[in-house]
Amino acid sequence: MPKYTKPTLQKLELMFKELNYSVRYEKGSFNSGYCIVENNKVVVVNKFFDTDGRVAVLLDILEGILSDESVLSDKSRQFYKSLLKTHLNII
């Protein structure tokens, strides 16, 4: 499994911002390690996850909420595709 870095996490967070979603890291009793508040476009991720865990969770969420990649900037879209390819190769 590749080791993800803080810049990777920051780029993913930027993609959520482009989709008008807010990403928060908090403690909670969510079994999957995250929850999504659709009406408010808020994603809450377990704050005890390390960078790898946060990236993996945000990528999974992004796959679920991103129905049209064209809403992302070109730079984000290219990064998303490369990240997805890497992520899918390790699953």
# chains A, B, ... in the order shown; residues from 1 in each chain; ligands from 1
>>> residues_around(residues="A:Tyr21", least_positions_apart="6", cutoff="7 Å", atoms="only C-alpha atoms", output="CSV table (one decimal) with all heavy atoms, in the first residue's frame")
chain,number,residue,atom,x,y,z
A,41,LYS,N,-23.7,19.3,3.1
A,41,LYS,CA,-22.5,19.1,2.4
A,41,LYS,C,-21.3,19.1,3.3
A,41,LYS,O,-20.3,19.8,3.0
A,41,LYS,CB,-22.3,20.0,1.2
A,41,LYS,CG,-23.3,19.8,0.1
A,41,LYS,CD,-22.9,20.5,-1.2
A,41,LYS,CE,-23.8,20.0,-2.3
A,41,LYS,NZ,-23.3,20.5,-3.6
A,42,VAL,N,-21.4,18.3,4.3
A,42,VAL,CA,-20.3,18.2,5.3
A,42,VAL,C,-19.8,16.7,5.4
A,42,VAL,O,-20.7,15.8,5.4
A,42,VAL,CB,-20.7,18.7,6.7
A,42,VAL,CG1,-19.7,18.4,7.7
A,42,VAL,CG2,-21.1,20.1,6.7
A,43,VAL,N,-18.6,16.5,5.3
A,43,VAL,CA,-18.0,15.2,5.5
A,43,VAL,C,-17.2,15.2,6.8
A,43,VAL,O,-16.4,16.1,7.0
A,43,VAL,CB,-17.0,14.9,4.3
A,43,VAL,CG1,-16.3,13.6,4.6
A,43,VAL,CG2,-17.8,14.8,3.0
>>> select_by_dssp(residues="chain A", states="alpha helix (DSSP H)", output="short mmCIF file (atom, residue, chain, number, x, y, z; two decimals) with all heavy atoms, in the first residue's frame")
data_model
loop_
_atom_site.label_atom_id
_atom_site.label_comp_id
_atom_site.auth_asym_id
_atom_site.auth_seq_id
_atom_site.Cartn_x
_atom_site.Cartn_y
_atom_site.Cartn_z
N LYS A 6 0.87 14.41 3.32
CA LYS A 6 -0.01 15.54 3.65
C LYS A 6 -0.42 16.33 2.41
O LYS A 6 -1.57 16.72 2.29
CB LYS A 6 0.69 16.47 4.66
CG LYS A 6 0.81 15.88 6.02
CD LYS A 6 -0.26 16.42 6.92
CE LYS A 6 0.01 15.94 8.34
NZ LYS A 6 -1.19 15.77 9.09
N PRO A 7 0.50 16.57 1.45
CA PRO A 7 0.08 17.28 0.24
C PRO A 7 -1.01 16.54 -0.54
O PRO A 7 -1.91 17.15 -1.11
CB PRO A 7 1.36 17.40 -0.58
CG PRO A 7 2.45 17.39 0.44
CD PRO A 7 1.97 16.44 1.51
N THR A 8 -0.95 15.20 -0.53
CA THR A 8 -2.00 14.41 -1.19
C THR A 8 -3.33 14.65 -0.49
O THR A 8 -4.36 14.88 -1.13
CB THR A 8 -1.66 12.90 -1.14
OG1 THR A 8 -0.41 12.69 -1.80
CG2 THR A 8 -2.73 12.07 -1.82
N LEU A 9 -3.31 14.63 0.83
CA LEU A 9 -4.51 14.88 1.61
C LEU A 9 -5.06 16.29 1.35
O LEU A 9 -6.26 16.48 1.16
CB LEU A 9 -4.21 14.70 3.10
CG LEU A 9 -5.36 14.93 4.08
CD1 LEU A 9 -6.51 13.97 3.82
CD2 LEU A 9 -4.86 14.78 5.52
N GLN A 10 -4.17 17.26 1.27
CA GLN A 10 -4.59 18.64 1.03
C GLN A 10 -5.22 18.80 -0.35
O GLN A 10 -6.20 19.53 -0.51
CB GLN A 10 -3.40 19.59 1.19
CG GLN A 10 -2.93 19.70 2.62
CD GLN A 10 -1.59 20.38 2.78
OE1 GLN A 10 -0.79 20.43 1.85
NE2 GLN A 10 -1.34 20.90 3.97
N LYS A 11 -4.69 18.10 -1.35
CA LYS A 11 -5.28 18.16 -2.69
C LYS A 11 -6.66 17.53 -2.70
O LYS A 11 -7.57 18.04 -3.38
CB LYS A 11 -4.36 17.47 -3.71
CG LYS A 11 -3.09 18.23 -4.00
CD LYS A 11 -2.20 17.46 -4.94
CE LYS A 11 -0.85 18.15 -5.13
NZ LYS A 11 0.06 17.36 -5.98
N LEU A 12 -6.83 16.45 -1.97
CA LEU A 12 -8.16 15.82 -1.87
C LEU A 12 -9.14 16.76 -1.18
O LEU A 12 -10.29 16.90 -1.60
CB LEU A 12 -8.06 14.52 -1.08
CG LEU A 12 -7.98 13.24 -1.89
CD1 LEU A 12 -7.78 12.05 -0.97
CD2 LEU A 12 -9.20 13.03 -2.74
N GLU A 13 -8.70 17.41 -0.12
CA GLU A 13 -9.56 18.36 0.59
C GLU A 13 -9.96 19.51 -0.34
O GLU A 13 -11.09 20.00 -0.28
CB GLU A 13 -8.84 18.90 1.83
CG GLU A 13 -8.67 17.86 2.91
CD GLU A 13 -7.74 18.29 4.05
OE1 GLU A 13 -6.98 19.28 3.89
OE2 GLU A 13 -7.78 17.62 5.08
N LEU A 14 -9.04 19.93 -1.20
CA LEU A 14 -9.34 20.98 -2.17
C LEU A 14 -10.43 20.54 -3.14
O LEU A 14 -11.30 21.32 -3.51
CB LEU A 14 -8.08 21.38 -2.92
CG LEU A 14 -8.22 22.49 -3.95
CD1 LEU A 14 -8.62 23.80 -3.26
CD2 LEU A 14 -6.93 22.68 -4.72
N MET A 15 -10.39 19.26 -3.54
CA MET A 15 -11.43 18.74 -4.43
C MET A 15 -12.80 18.82 -3.77
O MET A 15 -13.78 19.17 -4.41
CB MET A 15 -11.13 17.29 -4.82
CG MET A 15 -10.09 17.16 -5.88
SD MET A 15 -9.97 15.45 -6.41
CE MET A 15 -8.27 15.16 -6.08
N PHE A 16 -12.86 18.49 -2.49
CA PHE A 16 -14.13 18.60 -1.78
C PHE A 16 -14.60 20.05 -1.74
O PHE A 16 -15.78 20.33 -1.88
CB PHE A 16 -14.01 18.02 -0.36
CG PHE A 16 -14.16 16.53 -0.32
CD1 PHE A 16 -13.06 15.71 -0.42
CD2 PHE A 16 -15.41 15.96 -0.19
CE1 PHE A 16 -13.19 14.33 -0.39
CE2 PHE A 16 -15.56 14.58 -0.16
CZ PHE A 16 -14.45 13.77 -0.26
N LYS A 17 -13.65 20.96 -1.57
CA LYS A 17 -13.99 22.38 -1.56
C LYS A 17 -14.57 22.80 -2.92
O LYS A 17 -15.53 23.56 -2.99
CB LYS A 17 -12.76 23.21 -1.22
CG LYS A 17 -13.06 24.65 -0.87
CD LYS A 17 -11.82 25.37 -0.38
CE LYS A 17 -11.63 25.02 1.07
NZ LYS A 17 -10.61 25.83 1.74
N GLU A 18 -14.01 22.26 -4.01
CA GLU A 18 -14.52 22.55 -5.35
C GLU A 18 -15.96 22.04 -5.51
O GLU A 18 -16.73 22.60 -6.29
CB GLU A 18 -13.64 21.91 -6.42
CG GLU A 18 -12.29 22.56 -6.59
CD GLU A 18 -11.42 21.89 -7.63
OE1 GLU A 18 -11.95 21.15 -8.48
OE2 GLU A 18 -10.20 22.11 -7.61
N THR A 51 -2.73 9.85 8.09
CA THR A 51 -2.85 10.44 6.76
C THR A 51 -3.33 9.41 5.74
O THR A 51 -4.22 9.70 4.93
CB THR A 51 -1.51 11.05 6.31
OG1 THR A 51 -1.13 12.05 7.27
CG2 THR A 51 -1.63 11.70 4.95
N ASP A 52 -2.77 8.19 5.78
CA ASP A 52 -3.19 7.14 4.84
C ASP A 52 -4.68 6.84 4.98
O ASP A 52 -5.39 6.71 3.99
CB ASP A 52 -2.40 5.85 5.06
CG ASP A 52 -0.98 5.93 4.54
OD1 ASP A 52 -0.70 6.81 3.71
OD2 ASP A 52 -0.15 5.11 4.96
N GLY A 53 -5.13 6.70 6.21
CA GLY A 53 -6.54 6.41 6.46
C GLY A 53 -7.44 7.53 5.99
O GLY A 53 -8.50 7.28 5.41
N ARG A 54 -7.03 8.75 6.23
CA ARG A 54 -7.83 9.91 5.81
C ARG A 54 -7.93 9.97 4.28
O ARG A 54 -9.01 10.21 3.74
CB ARG A 54 -7.22 11.20 6.34
CG ARG A 54 -7.36 11.34 7.84
CD ARG A 54 -6.71 12.60 8.37
NE ARG A 54 -6.88 12.68 9.82
CZ ARG A 54 -6.69 13.78 10.53
NH1 ARG A 54 -6.28 14.89 9.94
NH2 ARG A 54 -6.87 13.76 11.82
N VAL A 55 -6.82 9.76 3.61
CA VAL A 55 -6.83 9.78 2.14
C VAL A 55 -7.73 8.68 1.60
O VAL A 55 -8.55 8.91 0.71
CB VAL A 55 -5.39 9.66 1.56
CG1 VAL A 55 -5.43 9.41 0.07
CG2 VAL A 55 -4.59 10.92 1.86
N ALA A 56 -7.59 7.48 2.14
CA ALA A 56 -8.40 6.35 1.67
C ALA A 56 -9.89 6.61 1.87
O ALA A 56 -10.70 6.38 0.97
CB ALA A 56 -7.98 5.07 2.39
N VAL A 57 -10.25 7.13 3.03
CA VAL A 57 -11.66 7.42 3.31
C VAL A 57 -12.18 8.53 2.40
O VAL A 57 -13.27 8.41 1.82
CB VAL A 57 -11.84 7.80 4.81
CG1 VAL A 57 -13.17 8.47 5.06
CG2 VAL A 57 -11.72 6.56 5.68
N LEU A 58 -11.42 9.60 2.26
CA LEU A 58 -11.87 10.70 1.41
C LEU A 58 -12.00 10.26 -0.04
O LEU A 58 -12.93 10.68 -0.74
CB LEU A 58 -10.92 11.90 1.52
CG LEU A 58 -10.98 12.65 2.85
CD1 LEU A 58 -9.95 13.77 2.88
CD2 LEU A 58 -12.37 13.22 3.10
N LEU A 59 -11.12 9.40 -0.48
CA LEU A 59 -11.19 8.88 -1.84
C LEU A 59 -12.46 8.03 -2.03
O LEU A 59 -13.15 8.16 -3.04
CB LEU A 59 -9.94 8.08 -2.18
CG LEU A 59 -9.69 7.77 -3.64
CD1 LEU A 59 -9.73 9.02 -4.49
CD2 LEU A 59 -8.35 7.08 -3.81
N ASP A 60 -12.76 7.20 -1.05
CA ASP A 60 -13.98 6.39 -1.11
C ASP A 60 -15.22 7.27 -1.15
O ASP A 60 -16.15 7.03 -1.92
CB ASP A 60 -14.07 5.44 0.09
CG ASP A 60 -13.09 4.29 0.00
OD1 ASP A 60 -12.57 4.02 -1.11
OD2 ASP A 60 -12.83 3.65 1.04
N ILE A 61 -15.23 8.30 -0.32
CA ILE A 61 -16.38 9.22 -0.29
C ILE A 61 -16.50 9.94 -1.63
O ILE A 61 -17.59 10.06 -2.18
CB ILE A 61 -16.24 10.24 0.85
CG1 ILE A 61 -16.28 9.54 2.21
CG2 ILE A 61 -17.32 11.31 0.76
CD1 ILE A 61 -15.89 10.43 3.37
N LEU A 62 -15.37 10.41 -2.14
CA LEU A 62 -15.37 11.14 -3.41
C LEU A 62 -15.92 10.28 -4.54
O LEU A 62 -16.69 10.77 -5.38
CB LEU A 62 -13.96 11.62 -3.73
CG LEU A 62 -13.80 12.73 -4.75
CD1 LEU A 62 -14.62 13.95 -4.38
CD2 LEU A 62 -12.34 13.12 -4.88
N GLU A 63 -15.56 9.01 -4.55
CA GLU A 63 -16.09 8.10 -5.57
C GLU A 63 -17.62 8.02 -5.49
O GLU A 63 -18.29 7.92 -6.51
CB GLU A 63 -15.52 6.69 -5.39
CG GLU A 63 -14.08 6.55 -5.82
CD GLU A 63 -13.58 5.14 -5.60
OE1 GLU A 63 -13.83 4.29 -6.48
OE2 GLU A 63 -12.95 4.89 -4.55
N GLY A 64 -18.15 8.10 -4.28
CA GLY A 64 -19.58 8.00 -4.08
C GLY A 64 -20.36 9.26 -4.42
O GLY A 64 -21.49 9.19 -4.89
N ILE A 65 -19.75 10.42 -4.20
CA ILE A 65 -20.50 11.67 -4.41
C ILE A 65 -20.20 12.35 -5.75
O ILE A 65 -20.95 13.22 -6.18
CB ILE A 65 -20.25 12.69 -3.27
CG1 ILE A 65 -18.79 13.15 -3.22
CG2 ILE A 65 -20.71 12.15 -1.95
CD1 ILE A 65 -18.53 14.29 -2.26
N ASP A 74 -9.33 21.14 -14.08
CA ASP A 74 -8.51 20.20 -14.86
C ASP A 74 -7.42 19.56 -14.01
O ASP A 74 -7.18 18.36 -14.07
CB ASP A 74 -7.87 20.91 -16.06
CG ASP A 74 -8.89 21.26 -17.13
OD1 ASP A 74 -9.98 20.63 -17.16
OD2 ASP A 74 -8.59 22.14 -17.95
N LYS A 75 -6.77 20.39 -13.20
CA LYS A 75 -5.69 19.90 -12.36
C LYS A 75 -6.21 18.87 -11.35
O LYS A 75 -5.61 17.81 -11.16
CB LYS A 75 -5.05 21.09 -11.63
CG LYS A 75 -3.78 20.78 -10.90
CD LYS A 75 -3.18 22.07 -10.36
CE LYS A 75 -1.86 21.80 -9.67
NZ LYS A 75 -1.24 23.01 -9.16
N SER A 76 -7.33 19.17 -10.71
CA SER A 76 -7.92 18.24 -9.74
C SER A 76 -8.40 16.96 -10.41
O SER A 76 -8.24 15.87 -9.87
CB SER A 76 -9.10 18.90 -9.02
OG SER A 76 -8.66 19.90 -8.14
N ARG A 77 -8.97 17.09 -11.59
CA ARG A 77 -9.47 15.92 -12.32
C ARG A 77 -8.32 14.96 -12.66
O ARG A 77 -8.42 13.76 -12.48
CB ARG A 77 -10.22 16.35 -13.57
CG ARG A 77 -10.95 15.22 -14.28
CD ARG A 77 -11.89 15.68 -15.39
NE ARG A 77 -11.43 16.77 -16.21
CZ ARG A 77 -11.91 18.02 -16.16
NH1 ARG A 77 -12.87 18.34 -15.33
NH2 ARG A 77 -11.42 18.96 -16.96
N GLN A 78 -7.20 15.52 -13.13
CA GLN A 78 -6.04 14.69 -13.46
C GLN A 78 -5.48 14.01 -12.21
O GLN A 78 -5.14 12.83 -12.22
CB GLN A 78 -4.95 15.53 -14.12
CG GLN A 78 -5.30 15.96 -15.52
CD GLN A 78 -4.28 16.95 -16.09
OE1 GLN A 78 -3.42 17.45 -15.37
NE2 GLN A 78 -4.39 17.23 -17.37
N PHE A 79 -5.40 14.76 -11.12
CA PHE A 79 -4.90 14.22 -9.87
C PHE A 79 -5.84 13.11 -9.36
O PHE A 79 -5.38 12.06 -8.92
CB PHE A 79 -4.77 15.32 -8.82
CG PHE A 79 -4.31 14.81 -7.48
CD1 PHE A 79 -3.00 14.41 -7.31
CD2 PHE A 79 -5.19 14.73 -6.42
CE1 PHE A 79 -2.57 13.93 -6.07
CE2 PHE A 79 -4.77 14.25 -5.19
CZ PHE A 79 -3.45 13.85 -5.02
N TYR A 80 -7.14 13.35 -9.45
CA TYR A 80 -8.13 12.36 -9.01
C TYR A 80 -7.99 11.06 -9.80
O TYR A 80 -7.98 9.98 -9.23
CB TYR A 80 -9.54 12.94 -9.17
CG TYR A 80 -10.64 11.95 -8.88
CD1 TYR A 80 -10.84 11.46 -7.60
CD2 TYR A 80 -11.50 11.52 -9.88
CE1 TYR A 80 -11.86 10.56 -7.33
CE2 TYR A 80 -12.52 10.62 -9.61
CZ TYR A 80 -12.69 10.15 -8.34
OH TYR A 80 -13.70 9.26 -8.07
N LYS A 81 -7.85 11.16 -11.11
CA LYS A 81 -7.70 9.97 -11.94
C LYS A 81 -6.44 9.19 -11.59
O LYS A 81 -6.46 7.96 -11.52
CB LYS A 81 -7.71 10.34 -13.43
CG LYS A 81 -9.09 10.73 -13.93
CD LYS A 81 -9.05 11.09 -15.38
CE LYS A 81 -10.43 11.48 -15.89
NZ LYS A 81 -10.45 11.80 -17.30
N SER A 82 -5.33 9.89 -11.37
CA SER A 82 -4.08 9.19 -11.03
C SER A 82 -4.19 8.56 -9.64
O SER A 82 -3.72 7.44 -9.42
CB SER A 82 -2.89 10.13 -11.09
OG SER A 82 -2.93 11.08 -10.07
N LEU A 83 -4.82 9.25 -8.73
CA LEU A 83 -4.99 8.72 -7.37
C LEU A 83 -5.92 7.51 -7.37
O LEU A 83 -5.66 6.52 -6.71
CB LEU A 83 -5.56 9.83 -6.48
CG LEU A 83 -5.46 9.65 -4.98
CD1 LEU A 83 -4.01 9.47 -4.57
CD2 LEU A 83 -6.06 10.86 -4.28
N LEU A 84 -6.97 7.59 -8.16
CA LEU A 84 -7.92 6.49 -8.27
C LEU A 84 -7.25 5.25 -8.85
O LEU A 84 -7.47 4.14 -8.37
CB LEU A 84 -9.10 6.93 -9.13
CG LEU A 84 -10.39 6.18 -9.00
CD1 LEU A 84 -10.89 6.20 -7.56
CD2 LEU A 84 -11.44 6.78 -9.92
N LYS A 85 -6.43 5.47 -9.86
CA LYS A 85 -5.72 4.35 -10.50
C LYS A 85 -4.80 3.65 -9.49
O LYS A 85 -4.78 2.44 -9.39
CB LYS A 85 -4.90 4.86 -11.69
CG LYS A 85 -4.32 3.76 -12.55
CD LYS A 85 -3.50 4.31 -13.69
CE LYS A 85 -4.37 5.09 -14.66
NZ LYS A 85 -3.62 5.55 -15.85
N THR A 86 -4.08 4.43 -8.72
CA THR A 86 -3.20 3.89 -7.69
C THR A 86 -4.00 3.17 -6.63
O THR A 86 -3.66 2.06 -6.22
CB THR A 86 -2.38 5.03 -7.02
OG1 THR A 86 -1.66 5.73 -8.02
CG2 THR A 86 -1.43 4.48 -6.00
N HIS A 87 -5.09 3.78 -6.19
CA HIS A 87 -5.94 3.21 -5.13
C HIS A 87 -6.57 1.89 -5.58
O HIS A 87 -6.61 0.93 -4.82
CB HIS A 87 -7.02 4.22 -4.75
CG HIS A 87 -7.84 3.82 -3.58
ND1 HIS A 87 -7.34 3.77 -2.30
CD2 HIS A 87 -9.14 3.44 -3.49
CE1 HIS A 87 -8.29 3.38 -1.48
NE2 HIS A 87 -9.39 3.17 -2.16
N LEU A 88 -7.03 1.83 -6.82
CA LEU A 88 -7.67 0.62 -7.32
C LEU A 88 -6.68 -0.51 -7.52
O LEU A 88 -7.04 -1.68 -7.41
CB LEU A 88 -8.42 0.91 -8.63
CG LEU A 88 -9.67 1.79 -8.49
CD1 LEU A 88 -10.26 2.09 -9.85
CD2 LEU A 88 -10.71 1.14 -7.58
N ASN A 89 -5.43 -0.19 -7.80
CA ASN A 89 -4.41 -1.21 -7.97
C ASN A 89 -4.05 -1.91 -6.67
O ASN A 89 -3.54 -3.02 -6.68
CB ASN A 89 -3.15 -0.63 -8.60
CG ASN A 89 -3.31 -0.38 -10.08
OD1 ASN A 89 -4.17 -0.98 -10.74
ND2 ASN A 89 -2.50 0.51 -10.62
N ILE A 90 -4.30 -1.25 -5.54
CA ILE A 90 -3.93 -1.85 -4.26
C ILE A 90 -5.10 -2.56 -3.59
O ILE A 90 -4.91 -3.23 -2.60
CB ILE A 90 -3.33 -0.80 -3.29
CG1 ILE A 90 -4.32 0.32 -3.02
CG2 ILE A 90 -2.02 -0.28 -3.82
CD1 ILE A 90 -3.89 1.29 -1.95
#
>>> select_by_dssp(residues="chain A", states="strand (DSSP E or B)", output="list in words")
Ser22, Val23, Arg24, Tyr25, Glu26, Tyr34, Cys35, Ile36, Val37, Val42, Val43, Val44, Val45 and Asn46 of chain A
>>> closest_residue(among="A:Leu19, A:Glu38, A:Tyr25, A:Phe48", to="A:Ser73", atoms="only C-alpha atoms")
A:Leu19
>>> closest_residue(among="A:Asp50, A:Tyr4, A:Val23, A:Ser67", to="A:Ile36", atoms="only C-alpha atoms")
A:Val23
>>> closest_residue(among="A:Lys3, A:Val71, A:Asn31, A:Ser22", to="A:Asn46", atoms="only C-alpha atoms")
A:Asn31
>>> decode(residues="stretch 29-50 of chain A", atoms="N, CA, C and O atoms", output="PDB file, in the first residue's frame")
ATOM      1  N   SER A  29     -18.796   8.202  16.848  1.00  0.00           N
ATOM      2  CA  SER A  29     -19.046   6.753  16.878  1.00  0.00           C
ATOM      3  C   SER A  29     -19.605   6.285  15.544  1.00  0.00           C
ATOM      4  O   SER A  29     -20.637   5.645  15.480  1.00  0.00           O
ATOM      5  N   PHE A  30     -18.908   6.632  14.458  1.00  0.00           N
ATOM      6  CA  PHE A  30     -19.321   6.165  13.147  1.00  0.00           C
ATOM      7  C   PHE A  30     -18.500   4.943  12.787  1.00  0.00           C
ATOM      8  O   PHE A  30     -17.281   4.978  12.804  1.00  0.00           O
ATOM      9  N   ASN A  31     -19.183   3.854  12.477  1.00  0.00           N
ATOM     10  CA  ASN A  31     -18.520   2.564  12.256  1.00  0.00           C
ATOM     11  C   ASN A  31     -17.598   2.562  11.050  1.00  0.00           C
ATOM     12  O   ASN A  31     -16.566   1.907  11.043  1.00  0.00           O
ATOM     13  N   SER A  32     -17.949   3.286  10.009  1.00  0.00           N
ATOM     14  CA  SER A  32     -17.143   3.281   8.791  1.00  0.00           C
ATOM     15  C   SER A  32     -15.938   4.212   8.881  1.00  0.00           C
ATOM     16  O   SER A  32     -15.102   4.224   7.999  1.00  0.00           O
ATOM     17  N   GLY A  33     -15.861   4.992   9.932  1.00  0.00           N
ATOM     18  CA  GLY A  33     -14.762   5.937  10.077  1.00  0.00           C
ATOM     19  C   GLY A  33     -15.097   7.313   9.545  1.00  0.00           C
ATOM     20  O   GLY A  33     -14.300   8.226   9.605  1.00  0.00           O
ATOM     21  N   TYR A  34     -16.310   7.456   9.010  1.00  0.00           N
ATOM     22  CA  TYR A  34     -16.734   8.757   8.518  1.00  0.00           C
ATOM     23  C   TYR A  34     -18.253   8.818   8.448  1.00  0.00           C
ATOM     24  O   TYR A  34     -18.931   7.801   8.555  1.00  0.00           O
ATOM     25  N   CYS A  35     -18.764  10.011   8.290  1.00  0.00           N
ATOM     26  CA  CYS A  35     -20.185  10.180   7.983  1.00  0.00           C
ATOM     27  C   CYS A  35     -20.321  11.383   7.062  1.00  0.00           C
ATOM     28  O   CYS A  35     -19.451  12.250   7.007  1.00  0.00           O
ATOM     29  N   ILE A  36     -21.403  11.409   6.320  1.00  0.00           N
ATOM     30  CA  ILE A  36     -21.662  12.494   5.376  1.00  0.00           C
ATOM     31  C   ILE A  36     -23.004  13.117   5.734  1.00  0.00           C
ATOM     32  O   ILE A  36     -23.996  12.403   5.870  1.00  0.00           O
ATOM     33  N   VAL A  37     -23.017  14.412   5.911  1.00  0.00           N
ATOM     34  CA  VAL A  37     -24.261  15.127   6.149  1.00  0.00           C
ATOM     35  C   VAL A  37     -24.612  15.783   4.823  1.00  0.00           C
ATOM     36  O   VAL A  37     -24.122  16.864   4.497  1.00  0.00           O
ATOM     37  N   GLU A  38     -25.418  15.079   4.019  1.00  0.00           N
ATOM     38  CA  GLU A  38     -25.718  15.506   2.647  1.00  0.00           C
ATOM     39  C   GLU A  38     -26.342  16.904   2.573  1.00  0.00           C
ATOM     40  O   GLU A  38     -25.963  17.709   1.739  1.00  0.00           O
ATOM     41  N   ASN A  39     -27.327  17.169   3.425  1.00  0.00           N
ATOM     42  CA  ASN A  39     -28.037  18.446   3.344  1.00  0.00           C
ATOM     43  C   ASN A  39     -27.114  19.638   3.550  1.00  0.00           C
ATOM     44  O   ASN A  39     -27.316  20.698   2.975  1.00  0.00           O
ATOM     45  N   ASN A  40     -26.103  19.462   4.381  1.00  0.00           N
ATOM     46  CA  ASN A  40     -25.167  20.548   4.664  1.00  0.00           C
ATOM     47  C   ASN A  40     -23.859  20.418   3.898  1.00  0.00           C
ATOM     48  O   ASN A  40     -22.977  21.256   4.042  1.00  0.00           O
ATOM     49  N   LYS A  41     -23.728  19.343   3.114  1.00  0.00           N
ATOM     50  CA  LYS A  41     -22.499  19.073   2.368  1.00  0.00           C
ATOM     51  C   LYS A  41     -21.274  19.104   3.283  1.00  0.00           C
ATOM     52  O   LYS A  41     -20.305  19.818   3.050  1.00  0.00           O
ATOM     53  N   VAL A  42     -21.368  18.299   4.338  1.00  0.00           N
ATOM     54  CA  VAL A  42     -20.282  18.184   5.304  1.00  0.00           C
ATOM     55  C   VAL A  42     -19.846  16.723   5.370  1.00  0.00           C
ATOM     56  O   VAL A  42     -20.679  15.828   5.449  1.00  0.00           O
ATOM     57  N   VAL A  43     -18.556  16.504   5.331  1.00  0.00           N
ATOM     58  CA  VAL A  43     -17.977  15.178   5.492  1.00  0.00           C
ATOM     59  C   VAL A  43     -17.207  15.206   6.805  1.00  0.00           C
ATOM     60  O   VAL A  43     -16.352  16.062   7.008  1.00  0.00           O
ATOM     61  N   VAL A  44     -17.529  14.269   7.701  1.00  0.00           N
ATOM     62  CA  VAL A  44     -16.847  14.187   8.991  1.00  0.00           C
ATOM     63  C   VAL A  44     -16.049  12.888   9.015  1.00  0.00           C
ATOM     64  O   VAL A  44     -16.606  11.807   8.857  1.00  0.00           O
ATOM     65  N   VAL A  45     -14.745  13.018   9.187  1.00  0.00           N
ATOM     66  CA  VAL A  45     -13.834  11.872   9.182  1.00  0.00           C
ATOM     67  C   VAL A  45     -13.277  11.697  10.595  1.00  0.00           C
ATOM     68  O   VAL A  45     -13.011  12.673  11.302  1.00  0.00           O
ATOM     69  N   ASN A  46     -13.088  10.447  10.987  1.00  0.00           N
ATOM     70  CA  ASN A  46     -12.524  10.137  12.293  1.00  0.00           C
ATOM     71  C   ASN A  46     -11.171  10.828  12.452  1.00  0.00           C
ATOM     72  O   ASN A  46     -10.251  10.597  11.672  1.00  0.00           O
ATOM     73  N   LYS A  47     -11.047  11.664  13.475  1.00  0.00           N
ATOM     74  CA  LYS A  47      -9.818  12.449  13.649  1.00  0.00           C
ATOM     75  C   LYS A  47      -8.619  11.603  14.074  1.00  0.00           C
ATOM     76  O   LYS A  47      -7.490  12.062  14.027  1.00  0.00           O
ATOM     77  N   PHE A  48      -8.863  10.361  14.472  1.00  0.00           N
ATOM     78  CA  PHE A  48      -7.768   9.503  14.899  1.00  0.00           C
ATOM     79  C   PHE A  48      -7.132   8.741  13.734  1.00  0.00           C
ATOM     80  O   PHE A  48      -6.152   8.027  13.927  1.00  0.00           O
ATOM     81  N   PHE A  49      -7.666   8.889  12.530  1.00  0.00           N
ATOM     82  CA  PHE A  49      -7.058   8.264  11.356  1.00  0.00           C
ATOM     83  C   PHE A  49      -5.748   8.951  11.028  1.00  0.00           C
ATOM     84  O   PHE A  49      -5.634  10.175  11.142  1.00  0.00           O
ATOM     85  N   ASP A  50      -4.775   8.167  10.584  1.00  0.00           N
ATOM     86  CA  ASP A  50      -3.529   8.763  10.113  1.00  0.00           C
ATOM     87  C   ASP A  50      -3.750   9.280   8.693  1.00  0.00           C
ATOM     88  O   ASP A  50      -4.848   9.176   8.144  1.00  0.00           O
TER      89      ASP A  50
END
